[in-house]
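Q: Just so it is clear, I am handing over my_file.csv, which has CSV, C-alpha atoms.
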chain,number,residue,atom,x,y,z
Q,1,ARG,CA,122.3,58.3,86.5
Q,2,ALA,CA,124.7,55.9,84.9
Q,3,ILE,CA,126.2,56.6,81.5
Q,4,ASP,CA,128.4,54.3,79.3
Q,5,ASP,CA,129.7,55.9,76.1
Q,6,LEU,CA,132.2,54.7,73.6
Q,7,TYR,CA,133.0,56.5,70.3
Q,8,ILE,CA,135.4,55.6,67.5
Q,9,ASN,CA,136.4,57.8,64.6
Q,10,ILE,CA,138.7,56.6,61.8
Q,11,GLY,CA,139.8,58.8,58.9
Q,12,TYR,CA,142.0,58.3,55.9
Q,13,ASP,CA,143.1,60.8,53.2
Q,14,LEU,CA,144.0,59.8,49.7
Q,15,ASN,CA,144.8,62.6,47.1
Q,16,ASN,CA,141.6,64.6,46.8
Q,17,PHE,CA,139.5,62.2,48.8
Q,18,SER,CA,139.0,61.6,52.5
Q,19,PHE,CA,137.3,58.6,54.0
Q,20,ILE,CA,135.7,58.7,57.5
Q,21,PHE,CA,134.0,56.1,59.6
Q,22,ASP,CA,132.3,56.8,62.9
Q,23,GLY,CA,130.9,54.2,65.3
Q,24,GLY,CA,129.7,54.2,68.8
Q,25,TYR,CA,127.9,52.5,71.7
Q,26,TYR,CA,125.8,54.4,74.2
Q,27,THR,CA,123.6,53.3,77.0
Q,28,ARG,CA,121.8,55.3,79.7
Q,29,THR,CA,119.2,54.7,82.4
Q,30,LEU,CA,117.3,57.6,83.8
Q,31,GLY,CA,114.5,58.2,86.3
Q,32,ILE,CA,111.8,60.0,84.5
Q,33,PHE,CA,111.3,63.6,85.6
Q,34,THR,CA,109.9,63.8,89.1
Q,35,ASN,CA,109.9,60.1,90.1
Q,36,PRO,CA,113.2,58.2,89.6
Q,37,VAL,CA,112.0,55.1,91.6
Q,38,THR,CA,108.9,53.8,89.9
Q,39,LEU,CA,109.5,55.3,86.5
Q,40,SER,CA,112.7,54.8,84.4
Q,41,GLU,CA,113.8,54.9,80.8
Q,42,THR,CA,116.8,52.9,79.5
Q,43,LYS,CA,118.3,53.9,76.1
Q,44,PHE,CA,120.7,51.6,74.2
Q,45,TYR,CA,122.0,53.4,71.1
Q,46,VAL,CA,124.4,52.3,68.3
Q,47,PRO,CA,125.2,55.0,65.7
Q,48,LEU,CA,127.2,54.2,62.6
Q,49,LYS,CA,128.3,56.6,59.9
Q,50,GLY,CA,130.4,56.3,56.8
Q,51,GLN,CA,131.5,59.4,54.8
Q,52,ILE,CA,133.4,60.1,51.6
Q,53,ASN,CA,134.6,63.7,50.9
Q,54,TYR,CA,136.0,65.0,47.6
Q,55,LYS,CA,137.8,68.4,47.2
Q,56,ASP,CA,139.7,69.7,44.2
Q,57,GLU,CA,141.8,72.7,43.5
Q,58,ASP,CA,138.9,74.5,41.8
Q,59,PHE,CA,137.0,74.7,45.1
Q,60,LEU,CA,134.6,72.0,44.3
Q,61,LYS,CA,133.5,69.9,47.3
Q,62,VAL,CA,131.3,66.8,47.2
Q,63,ASN,CA,130.3,65.0,50.4
Q,64,PHE,CA,128.5,61.6,50.5
Q,65,SER,CA,127.5,60.1,53.8
Q,66,ILE,CA,125.4,57.3,55.1
Q,67,ASN,CA,124.0,57.2,58.7
Q,68,GLY,CA,122.6,54.0,60.3
Q,69,ASP,CA,121.2,54.1,63.8
Q,70,PHE,CA,119.7,51.6,66.1
Q,71,LEU,CA,117.9,52.8,69.3
Q,72,ARG,CA,116.3,50.6,71.9
Q,73,LEU,CA,114.0,52.3,74.4
Q,74,LYS,CA,112.9,50.4,77.5
Q,75,HIS,CA,110.4,52.0,79.8
Q,76,LYS,CA,109.5,50.8,83.3
Q,77,ARG,CA,106.5,52.0,85.3
Q,78,ASP,CA,106.1,50.2,88.6
Q,79,THR,CA,106.2,46.5,87.4
Q,80,TYR,CA,105.1,47.3,83.8
Q,81,TYR,CA,107.8,47.2,81.1
Q,82,ALA,CA,107.5,48.4,77.5
Q,83,GLU,CA,110.3,48.0,74.9
Q,84,THR,CA,110.6,49.6,71.5
Q,85,ASN,CA,113.2,49.0,68.8
Q,86,LEU,CA,113.8,51.9,66.4
Q,87,TYR,CA,115.9,51.8,63.2
Q,88,GLU,CA,116.9,54.7,61.0
Q,89,PHE,CA,118.8,55.0,57.7
Q,90,PHE,CA,119.9,58.4,56.4
Q,91,PRO,CA,121.9,58.8,53.2
Q,92,ASN,CA,122.9,62.3,52.2
Q,93,ILE,CA,124.7,64.0,49.3
Q,94,GLU,CA,126.0,67.6,49.4
Q,95,VAL,CA,127.8,69.6,46.6
Q,96,GLN,CA,129.4,73.0,47.0
Q,97,LYS,CA,131.1,75.1,44.3
Q,98,VAL,CA,132.9,78.3,45.2
Q,99,TRP,CA,133.9,80.9,42.7
Q,100,GLY,CA,134.7,83.7,45.2
Q,101,LYS,CA,134.0,85.2,48.6
Q,102,ASP,CA,130.3,86.1,47.8
Q,103,ASN,CA,129.8,83.7,44.9
Q,104,PHE,CA,129.0,80.0,45.5
Q,105,PHE,CA,126.4,77.3,44.9
Q,106,LYS,CA,125.3,74.6,47.4
Q,107,GLY,CA,123.0,71.7,46.8
Q,108,GLN,CA,121.8,68.8,49.0
Q,109,VAL,CA,119.7,65.7,48.4
Q,110,PHE,CA,118.7,63.5,51.4
Q,111,TYR,CA,116.5,60.6,52.3
Q,112,ASN,CA,115.4,59.1,55.6
Q,113,LEU,CA,114.0,55.7,56.3
Q,114,PHE,CA,112.6,55.1,59.8
Q,115,ASN,CA,111.1,52.0,61.3
Q,116,ASP,CA,109.3,51.8,64.7
Q,117,GLY,CA,107.2,48.8,63.7
Q,118,THR,CA,106.0,50.6,60.6
Q,119,TYR,CA,108.1,52.1,57.8
Q,120,GLN,CA,108.2,55.9,57.4
Q,121,HIS,CA,109.9,57.5,54.4
Q,122,SER,CA,110.9,61.1,54.0
Q,123,GLY,CA,113.5,63.1,52.0
Q,124,GLY,CA,114.1,66.3,50.2
Q,125,VAL,CA,116.2,68.7,48.2
Q,126,LYS,CA,117.8,72.0,49.2
Q,127,VAL,CA,119.6,74.4,46.8
Q,128,SER,CA,121.2,77.8,47.5
Q,129,ASP,CA,123.1,80.2,45.2
Q,130,ARG,CA,125.0,83.3,46.4
Q,131,PHE,CA,126.2,86.0,44.1
Q,132,SER,CA,127.6,89.5,44.2
Q,133,VAL,CA,125.8,92.4,42.4
Q,134,LEU,CA,128.1,95.2,43.5
Q,135,GLY,CA,131.3,95.2,45.6
Q,136,TYR,CA,129.2,95.9,48.7
Q,137,LEU,CA,125.9,94.1,47.9
Q,138,SER,CA,125.2,90.4,47.5
Q,139,PHE,CA,122.2,88.2,47.4
Q,140,GLN,CA,121.5,84.5,48.3
Q,141,LEU,CA,118.6,82.7,46.7
Q,142,GLY,CA,117.4,79.2,47.1
Q,143,ALA,CA,114.7,76.9,48.4
Q,144,GLY,CA,114.1,73.6,50.2
Q,145,ILE,CA,111.4,71.0,49.9
Q,146,TYR,CA,110.6,68.0,52.0
Q,147,PHE,CA,108.5,64.9,51.1
Q,148,TYR,CA,106.9,62.5,53.5
Q,149,THR,CA,104.8,59.3,53.2
Q,150,GLN,CA,103.0,60.0,56.5
Q,151,LYS,CA,102.0,63.7,55.8
Q,152,SER,CA,101.9,66.4,53.2
Q,153,LEU,CA,105.1,68.1,51.9
Q,154,PHE,CA,106.8,71.1,53.4
Q,155,TRP,CA,108.8,73.8,51.6
Q,156,PHE,CA,110.5,77.1,52.4
Q,157,PRO,CA,112.2,79.8,50.3
Q,158,GLU,CA,115.7,81.2,50.9
Q,159,LEU,CA,116.1,85.0,50.3
Q,160,PHE,CA,119.1,86.8,51.8
Q,161,LEU,CA,120.6,90.3,51.3
Q,162,PHE,CA,124.1,91.2,52.5
Q,163,TYR,CA,125.1,94.8,52.6
Q,164,LYS,CA,128.6,96.1,53.4
Q,165,ILE,CA,128.3,99.7,54.3
Q,166,ASN,CA,132.0,100.2,54.8
Q,167,GLU,CA,135.0,98.1,55.9
Q,168,ALA,CA,133.7,98.1,59.5
Q,169,PHE,CA,129.9,97.8,59.2
Q,170,GLU,CA,127.9,95.0,57.7
Q,171,LEU,CA,124.1,94.2,57.6
Q,172,LYS,CA,122.2,91.1,56.6
Q,173,ILE,CA,118.5,90.3,56.3
Q,174,GLY,CA,116.7,87.3,55.0
Q,175,LEU,CA,114.0,84.7,55.0
Q,176,SER,CA,114.7,81.0,55.2
Q,177,GLY,CA,113.5,77.8,56.9
Q,178,ASN,CA,114.2,74.2,57.8
Q,179,ALA,CA,112.8,70.9,58.9
Q,180,ASN,CA,114.3,68.4,61.2
Q,181,ILE,CA,113.4,64.9,60.0
Q,182,GLU,CA,116.0,62.9,61.9
Q,183,LYS,CA,114.3,61.0,64.7
Q,184,ASN,CA,116.7,58.9,66.8
Q,185,SER,CA,119.1,61.8,67.4
Q,186,ARG,CA,116.1,63.8,68.8
Q,187,LEU,CA,114.8,60.9,70.9
Q,188,LEU,CA,118.3,60.8,72.6
Q,189,LYS,CA,117.7,64.4,73.8
Q,190,GLU,CA,114.3,63.7,75.1
Q,191,ASN,CA,113.0,61.8,78.1
Q,192,HIS,CA,109.8,59.8,77.9
Q,193,PHE,CA,107.8,57.4,80.2
Q,194,ILE,CA,106.4,55.8,77.1
Q,195,TYR,CA,107.3,56.0,73.4
Q,196,GLY,CA,105.1,58.1,71.1
Q,197,GLU,CA,105.2,58.9,67.5
Q,198,ILE,CA,107.8,61.6,66.6
Q,199,PHE,CA,106.9,64.3,64.0
Q,200,PRO,CA,109.3,66.5,62.0
Q,201,GLU,CA,109.9,70.0,63.3
Q,202,GLU,CA,109.2,72.5,60.5
Q,203,TYR,CA,109.6,76.2,60.5
Q,204,TRP,CA,110.2,79.4,58.5
Q,205,CYS,CA,112.6,81.9,59.8
Q,206,PHE,CA,113.0,85.7,59.3
Q,207,LEU,CA,116.4,86.8,60.5
Q,208,SER,CA,118.6,89.9,60.5
Q,209,GLY,CA,122.0,90.9,61.8
Q,210,ALA,CA,124.3,93.9,62.2
Q,211,TYR,CA,128.1,93.6,62.7
Q,212,TYR,CA,130.6,96.3,63.5
Q,213,ARG,CA,134.3,95.7,63.5
Q,214,VAL,CA,135.6,98.2,66.1
Q,215,SER,CA,139.2,97.2,65.4
Q,216,GLU,CA,141.3,94.4,64.0
Q,217,THR,CA,140.7,92.4,67.2
Q,218,MET,CA,137.2,93.4,68.2
Q,219,VAL,CA,133.8,92.7,66.6
Q,220,LEU,CA,130.4,93.8,68.0
Q,221,GLY,CA,127.2,92.3,66.7
Q,222,VAL,CA,123.6,91.6,67.2
Q,223,GLU,CA,121.3,89.0,65.5
Q,224,GLY,CA,117.6,88.6,65.7
Q,225,ASN,CA,115.4,85.7,64.6
Q,226,TYR,CA,111.7,85.3,64.2
Q,227,ASP,CA,110.9,81.6,63.9
Q,228,TYR,CA,107.4,80.5,62.9
Q,229,PHE,CA,107.1,76.7,63.6
Q,230,TYR,CA,104.4,74.9,61.7
Q,231,SER,CA,105.2,71.9,64.0
Q,232,TYR,CA,107.1,72.1,67.3
Q,233,ARG,CA,107.9,69.6,70.0
Q,234,ASN,CA,107.7,70.7,73.6
Q,235,TYR,CA,106.2,69.5,76.9
Q,236,GLY,CA,102.8,69.1,78.4
Q,237,ILE,CA,102.2,68.2,82.0
Q,238,ASP,CA,99.7,65.9,83.6
Q,239,ASP,CA,98.4,67.7,86.6
Q,240,SER,CA,97.1,64.5,88.2
Q,241,THR,CA,100.5,62.7,88.2
Q,242,GLY,CA,102.9,65.6,88.0
Q,243,LEU,CA,104.6,63.9,85.0
Q,244,TYR,CA,105.7,65.7,81.8
Q,245,TYR,CA,104.9,64.2,78.4
Q,246,ILE,CA,106.0,65.2,74.9
Q,247,LYS,CA,103.5,67.4,73.2
Q,248,ASN,CA,103.4,68.4,69.5
Q,249,PHE,CA,102.5,72.0,69.1
Q,250,THR,CA,101.5,73.8,65.8
Q,251,ASN,CA,101.8,77.4,64.7
Q,252,ILE,CA,104.3,78.5,67.3
Q,253,SER,CA,106.2,81.8,67.2
Q,254,ILE,CA,109.6,82.3,69.0
Q,255,ILE,CA,111.7,85.5,68.8
Q,256,THR,CA,115.4,85.3,69.7
Q,257,VAL,CA,117.8,88.3,70.1
Q,258,ASN,CA,121.5,87.5,70.3
Q,259,PRO,CA,124.0,90.3,71.1
Q,260,PHE,CA,127.7,89.3,71.2
Q,261,LEU,CA,131.3,90.6,71.5
Q,262,ASN,CA,134.2,88.7,70.0
Q,263,LEU,CA,137.8,89.5,70.9
Q,264,ASN,CA,141.0,88.2,69.3
Q,265,LEU,CA,143.5,89.8,71.6
Q,266,PHE,CA,146.5,88.1,70.0
Q,267,GLU,CA,147.1,85.0,67.9
Q,268,ASP,CA,146.3,82.3,70.5
Q,269,LEU,CA,143.7,84.0,72.8
Q,270,THR,CA,140.1,84.6,72.0
Q,271,ILE,CA,137.3,85.9,74.2
Q,272,ASN,CA,133.6,85.6,73.3
Q,273,ILE,CA,130.8,87.3,75.4
Q,274,GLY,CA,127.2,87.2,74.5
Q,275,GLY,CA,123.6,86.3,75.4
Q,276,LYS,CA,120.3,85.2,74.1
Q,277,ILE,CA,116.8,86.5,75.0
Q,278,LYS,CA,113.7,84.7,73.9
Q,279,PHE,CA,110.1,85.8,73.6
Q,280,PHE,CA,107.3,83.3,73.2
Q,281,GLU,CA,103.9,84.0,71.8
Q,282,ASP,CA,102.5,80.8,73.3
Q,283,GLN,CA,102.8,80.9,77.1
Q,284,ASP,CA,102.2,77.1,77.4
Q,285,LEU,CA,105.8,76.4,76.3
Q,286,LEU,CA,107.7,74.8,79.2
Q,287,LEU,CA,111.3,74.3,80.1
Q,288,LEU,CA,112.8,76.9,77.7
Q,289,PRO,CA,115.1,79.5,79.3
Q,290,LEU,CA,113.9,83.0,78.9
Q,291,TYR,CA,117.5,84.3,78.5
Q,292,GLU,CA,121.1,83.1,78.7
Q,293,ILE,CA,124.4,85.0,79.3
Q,294,TYR,CA,127.7,83.4,78.5
Q,295,GLY,CA,131.5,84.1,78.5
Q,296,LYS,CA,134.0,81.9,76.8
Q,297,VAL,CA,137.8,82.1,76.8
Q,298,SER,CA,140.1,80.0,74.6
Q,299,TYR,CA,143.9,79.9,74.7
Q,300,TYR,CA,146.4,77.7,72.9
Q,301,PHE,CA,149.8,77.1,74.6
Q,302,LYS,CA,151.7,76.6,71.4
Q,303,LYS,CA,155.0,75.6,73.1
Q,304,ILE,CA,153.6,72.6,74.9
Q,305,GLY,CA,150.6,71.8,72.6
Q,306,LEU,CA,147.9,72.5,75.2
Q,307,ASN,CA,144.6,74.0,74.2
Q,308,VAL,CA,142.3,75.3,77.0
Q,309,GLU,CA,138.7,76.4,76.6
Q,310,THR,CA,136.4,77.4,79.4
Q,311,GLN,CA,132.8,78.7,79.4
Q,312,LEU,CA,130.7,80.2,82.1
Q,313,SER,CA,127.0,80.6,81.4
Q,314,TYR,CA,124.0,81.8,83.3
Q,315,LEU,CA,120.7,80.2,82.3
Q,316,GLY,CA,117.6,82.3,83.2
Q,317,SER,CA,114.4,81.0,84.7
Q,318,LYS,CA,112.2,78.4,82.9
Q,319,LYS,CA,108.5,77.7,83.2
Q,320,LEU,CA,108.0,74.3,85.0
Q,321,THR,CA,104.2,74.6,84.8
Q,322,SER,CA,101.8,77.3,83.7
Q,323,THR,CA,102.1,78.9,87.1
Q,324,ILE,CA,105.5,77.8,88.5
Q,325,SER,CA,109.0,78.8,87.2
Q,326,SER,CA,112.5,77.6,88.2
Q,327,SER,CA,115.3,79.9,89.3
Q,328,GLY,CA,118.3,80.6,87.1
Q,329,VAL,CA,121.5,78.5,87.3
Q,330,TRP,CA,125.2,78.9,86.6
Q,331,LYS,CA,127.0,76.4,84.3
Q,332,TRP,CA,130.7,76.2,84.1
Q,333,GLY,CA,132.7,73.8,81.9
Q,334,ILE,CA,136.4,73.3,80.8
Q,335,ASN,CA,137.7,71.5,77.7
Q,336,LEU,CA,141.4,70.5,77.6
Q,337,SER,CA,143.3,69.1,74.6
Q,338,GLN,CA,147.0,68.1,74.9
Q,339,LYS,CA,149.2,66.9,72.1
Q,340,LEU,CA,151.6,64.1,72.9
Q,341,GLY,CA,153.8,64.0,69.9
Q,342,ASP,CA,152.7,64.4,66.3
Q,343,ARG,CA,150.2,61.6,66.3
Q,344,LEU,CA,148.5,61.4,69.7
Q,345,THR,CA,146.2,63.9,71.4
Q,346,VAL,CA,144.5,63.5,74.8
Q,347,GLU,CA,141.2,65.2,75.4
Q,348,CYS,CA,139.3,65.9,78.6
Q,349,LYS,CA,136.0,67.7,79.3
Q,350,LEU,CA,134.8,68.8,82.7
Q,351,ASN,CA,131.1,69.4,82.6
Q,352,ASN,CA,128.9,71.3,85.1
Q,353,ILE,CA,131.8,71.9,87.5
Q,354,LEU,CA,129.4,73.9,89.8
Q,355,ASN,CA,127.2,70.8,90.1
Q,356,GLN,CA,124.0,72.7,89.2
Q,357,GLU,CA,120.8,70.7,88.4
Q,358,SER,CA,118.8,72.0,85.5
Q,359,PHE,CA,117.1,71.0,82.2
Q,360,ASP,CA,120.3,71.8,80.3
Q,361,ARG,CA,119.1,70.2,77.1
Q,362,ARG,CA,115.5,70.9,76.1
Q,363,PHE,CA,114.0,67.6,77.0
Q,364,LEU,CA,116.6,66.0,79.2
Q,365,PRO,CA,117.0,66.7,82.9
Q,366,GLU,CA,120.7,67.3,83.6
Q,367,GLY,CA,122.5,67.5,86.9
Q,368,GLY,CA,125.8,66.7,88.5
Q,369,PHE,CA,129.4,67.0,87.6
Q,370,SER,CA,130.6,64.7,84.8
Q,371,LEU,CA,134.0,64.0,83.1
Q,372,ASP,CA,134.6,62.9,79.5
Q,373,ALA,CA,138.0,61.7,78.3
Q,374,GLY,CA,139.3,60.5,74.9
Q,375,LEU,CA,142.3,59.8,72.7
Q,376,ILE,CA,142.9,60.9,69.1
Q,377,PHE,CA,145.6,58.9,67.2
Q,378,ARG,CA,146.7,60.0,63.7
Q,379,PHE,CA,148.3,57.4,61.5
Mind converting the file's structure to structure tokens?
A:
Amino acid sequence: RAIDDLYINIGYDLNNFSFIFDGGYYTRTLGIFTNPVTLSETKFYVPLKGQINYKDEDFLKVNFSINGDFLRLKHKRDTYYAETNLYEFFPNIEVQKVWGKDNFFKGQVFYNLFNDGTYQHSGGVKVSDRFSVLGYLSFQLGAGIYFYTQKSLFWFPELFLFYKINEAFELKIGLSGNANIEKNSRLLKENHFIYGEIFPEEYWCFLSGAYYRVSETMVLGVEGNYDYFYSYRNYGIDDSTGLYYIKNFTNISIITVNPFLNLNLFEDLTINIGGKIKFFEDQDLLLLPLYEIYGKVSYYFKKIGLNVETQLSYLGSKKLTSTISSSGVWKWGINLSQKLGDRLTVECKLNNILNQESFDRRFLPEGGFSLDAGLIFRF
């Protein structure tokens, strides 16, 4: 695997406004799944993003952003080559007004234009309003609706209840949903031997959570989600060739339970321990870990300006086929950030230090140790 990656971020603050520009260049060639010799996929990606933020003293925030992406996919199978150029344009406006801790309004309007040889239009509106009824009880109400030119609309309600039993114990319960209509960002996380049409992922979610503050430095919690996907992207496998292909599922249920423990031992040291357990109603879903256990430690050496973060995770077994499962793997990474004066920061990320091969991201085989490095300069 060869990766070239360049990323530039430029920001400027002026009174209540901030202006941000992001640009990048990204290319990768991968052997597809089980056969890196005769099958390969090359991705050339150029993302651009401009963003204007406004924030005033009355806690009003307005964000306007425009994303423009170009993605070229080139697939090789033996001596056959196929190339696809994909263009995506995604403007977005978000408004948030805060009146208090449990009293705010959020609104979002967005549009997506995608071209893979034919134009596809989509967009939508999301609103959410949270308000307190009593000192210990608050509600959040809202809705979202998505429109498409290639399919019927999708919508979801937003209904949340937050209940604070006492200073240490809190509960939440609610119903919400979402749809992922961005396409190029998802294609980057997938691996194909030929390009196929990409559909939005749409789901309703019932969620609950319980949080107990044991002390000023310790919080115990557990969260549970029941996600019902009206459309869901996963894998199928061709038994005759042993190759995976992207498969669009409908009416999929996934339950996730997430217990955790957060510790702030003192000002500059935090420890997070937790896990995720998944239950699938559809046993044909492939390459999703049944469970994950993680531990993360972060420490800031204030005197020398060094921030260190390390995480060790164990990813449980995954179904490779309907009858074969992979074994679990350990993943260890370290993030380092060192300030060199007031304006310059050096960053370094050590990924997969234990050199474990796995499907780390849902559709992309990952393996091998890698190193990321960068500079941040503040004018």
Q: Identify, on the basis of only C-alpha atoms, every residue whose closest approach to Met218 of chain Q does not exceed 12 Å; exclude the query and any residue fewer than 6 positions from it along the same chain; express the result as number ranges by chain.
A: Q: 168, 211-212, 260-266, 270-273
Q: Could you please determine the separation between atom CA of Cys205 of chain Q and atom CA of Pro259 of chain Q in Å, to one decimal place?
A: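 Spanning atom CA of Cys205 of chain Q to atom CA of Pro259 of chain Q is a straight-line distance of 18.1 Å.
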Q: How many Å lie between atom CA of Val297 of chain Q and atom CA of Ser313 of chain Q, rounded to one decimal?
A: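 Between these atoms lies a distance of 11.8 Å.
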Q: Anything within 7 Å of (124.2, 85.2, 79.3): list those residues as a VMD selection string, counting all atoms listed in the file and sticking to the file's coordinates.
A: chain Q and resid 274 to 276 291 to 294 313 to 315
Q: Output as CSV one row per residue of segment 131-226 of chain Q within 12 Å of segment 7-31 of chain Q: the closest atom pair and its distance in Å to one decimal place, counting only C-alpha atoms, sorted by chain and residue number ascending.
A:
residue,atom,partner,partner_atom,distance
Q:Leu188,CA,Q:Arg28,CA,9.6
Q:Lys189,CA,Q:Arg28,CA,11.6
Q:Glu190,CA,Q:Leu30,CA,11.0
Q:Asn191,CA,Q:Leu30,CA,8.3
Q:His192,CA,Q:Gly31,CA,9.8
Q:Phe193,CA,Q:Gly31,CA,9.1
Q: Under the rule that only C-alpha atoms are counted, which of Q:Lys339, Q:Asn355, Q:Lys172, Q:Ser253 is the nearest residue to Phe377 of chain Q?
A: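 Selected residue with least distance to Phe377 of chain Q: Q:Lys339.
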Q: So that I can see what lies close to segment 85-97 of chain Q, please list as a PyMOL selection string the residues with an atom at most 9 Å from it, counting all atoms listed in the file and leaving out residues fewer than 4 positions away in the same chain.
A: chain Q and resi 58-74+103-117+182-184
Q: To one decimal place in Å, what is the distance between atom CA of Lys331 of chain Q and atom CA of Gly295 of chain Q?
A: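 These two atoms are separated by 10.6 Å.
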Q: So that I can check the surroundings of Ser208 of chain Q, please list as a list in words every protein, DNA and RNA residue that reaches within 9 Å of it, counting all atoms listed in the file and ignoring chain neighbours fewer than 4 positions away.
A: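 After dropping sequence-adjacent residues, the list is Leu171, Lys172, Ile173, Gly174, Leu175, Val222, Glu223, Gly224 and Asn225 of chain Q.
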Q: Of the candidates Q:Val133, Q:Asp102, Q:Glu347, Q:Thr149, which one gets nearest to Tyr119 of chain Q if we count only C-alpha atoms?
A: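 Smallest distance to Tyr119 of chain Q is found for Q:Thr149.
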Q: Point out the residue among Q:Tyr80, Q:Glu309, Q:Ile252, Q:Lys247 with the least atom-to-atom distance to Cys348 of chain Q, counting all atoms listed in the file.
A: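 The answer is Q:Glu309, which sits nearest to Cys348 of chain Q.
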Q: Could you check the closest approach to Lys164 of chain Q for each of Q:Lys318, Q:Lys278, Q:Arg213, Q:Lys303 and tell me which residue wins, using only C-alpha atoms?
A: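 The closest residue to Lys164 of chain Q is Q:Arg213.
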Q: Can you pull out the residues contacting segment 151-158 of chain Q? Cut-off 9 Å, using only C-alpha atoms, and skip same-chain residues under 6 positions away; I want them as a VMD selection string.
A: chain Q and resid 127 to 128 140 to 145 174 to 179 202 to 204
Q: Identify the residues within 8 Å of coordinate (131.6, 70.8, 91.2) (same frame as the file), considering all atoms listed in the file, and give the answer as a PyMOL selection string.
A: chain Q and resi 352-355+368-369
Q: Compile the contact shell of Ala82 of chain Q as number ranges by chain: residues with an atom at most 9 Å away, counting all atoms listed in the file, same-chain residues fewer than 4 positions apart removed.
A: Q: 73-77, 194-195
Q: Name the closest residue to Ile255 of chain Q among the candidates Q:Asp238, Q:Asp268, Q:Asp78, Q:Asp227; distances are taken between atoms, counting all atoms listed in the file.
A: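 Smallest separation from Ile255 of chain Q among the options: Q:Asp227.
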Q: Ranking Q:Ile324, Q:Leu161, Q:Leu285, Q:Leu187 by minimum distance to Thr42 of chain Q and counting all atoms listed in the file, which one comes first?
A: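 For Thr42 of chain Q, the nearest of the candidates is Q:Leu187.
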Q: How would segment 175-187 of chain Q look with N, CA and C atoms restored, written as a PDB file, keeping the file's coordinate frame?
A:
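Heads up, here's the output in rebuild_9.pdb:
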ATOM      1  N   LEU Q 175     115.073  85.605  54.693  1.00  0.00           N
ATOM      2  CA  LEU Q 175     114.000  84.700  55.000  1.00  0.00           C
ATOM      3  C   LEU Q 175     114.453  83.278  54.602  1.00  0.00           C
ATOM      4  N   SER Q 176     114.277  82.317  55.520  1.00  0.00           N
ATOM      5  CA  SER Q 176     114.700  81.000  55.200  1.00  0.00           C
ATOM      6  C   SER Q 176     113.801  79.998  56.026  1.00  0.00           C
ATOM      7  N   GLY Q 177     114.233  78.773  56.175  1.00  0.00           N
ATOM      8  CA  GLY Q 177     113.500  77.800  56.900  1.00  0.00           C
ATOM      9  C   GLY Q 177     114.227  76.491  57.014  1.00  0.00           C
ATOM     10  N   ASN Q 178     113.594  75.494  57.626  1.00  0.00           N
ATOM     11  CA  ASN Q 178     114.200  74.200  57.800  1.00  0.00           C
ATOM     12  C   ASN Q 178     113.223  73.196  58.312  1.00  0.00           C
ATOM     13  N   ALA Q 179     113.588  71.933  58.249  1.00  0.00           N
ATOM     14  CA  ALA Q 179     112.800  70.900  58.900  1.00  0.00           C
ATOM     15  C   ALA Q 179     113.765  69.835  59.418  1.00  0.00           C
ATOM     16  N   ASN Q 180     113.517  69.385  60.617  1.00  0.00           N
ATOM     17  CA  ASN Q 180     114.300  68.400  61.200  1.00  0.00           C
ATOM     18  C   ASN Q 180     113.612  67.029  61.119  1.00  0.00           C
ATOM     19  N   ILE Q 181     114.082  66.166  60.207  1.00  0.00           N
ATOM     20  CA  ILE Q 181     113.400  64.900  60.000  1.00  0.00           C
ATOM     21  C   ILE Q 181     114.105  63.725  60.624  1.00  0.00           C
ATOM     22  N   GLU Q 182     115.321  63.934  61.171  1.00  0.00           N
ATOM     23  CA  GLU Q 182     116.000  62.900  61.900  1.00  0.00           C
ATOM     24  C   GLU Q 182     115.240  62.573  63.192  1.00  0.00           C
ATOM     25  N   LYS Q 183     115.135  61.317  63.544  1.00  0.00           N
ATOM     26  CA  LYS Q 183     114.300  61.000  64.700  1.00  0.00           C
ATOM     27  C   LYS Q 183     115.103  60.429  65.883  1.00  0.00           C
ATOM     28  N   ASN Q 184     115.995  59.462  65.663  1.00  0.00           N
ATOM     29  CA  ASN Q 184     116.700  58.900  66.800  1.00  0.00           C
ATOM     30  C   ASN Q 184     117.569  59.915  67.521  1.00  0.00           C
ATOM     31  N   SER Q 185     118.216  60.829  66.772  1.00  0.00           N
ATOM     32  CA  SER Q 185     119.100  61.800  67.400  1.00  0.00           C
ATOM     33  C   SER Q 185     118.226  62.750  68.308  1.00  0.00           C
ATOM     34  N   ARG Q 186     116.957  63.010  67.941  1.00  0.00           N
ATOM     35  CA  ARG Q 186     116.100  63.800  68.800  1.00  0.00           C
ATOM     36  C   ARG Q 186     115.592  63.040  70.000  1.00  0.00           C
ATOM     37  N   LEU Q 187     115.303  61.758  69.802  1.00  0.00           N
ATOM     38  CA  LEU Q 187     114.800  60.900  70.900  1.00  0.00           C
ATOM     39  C   LEU Q 187     115.908  60.810  72.002  1.00  0.00           C
TER      40      LEU Q 187
END
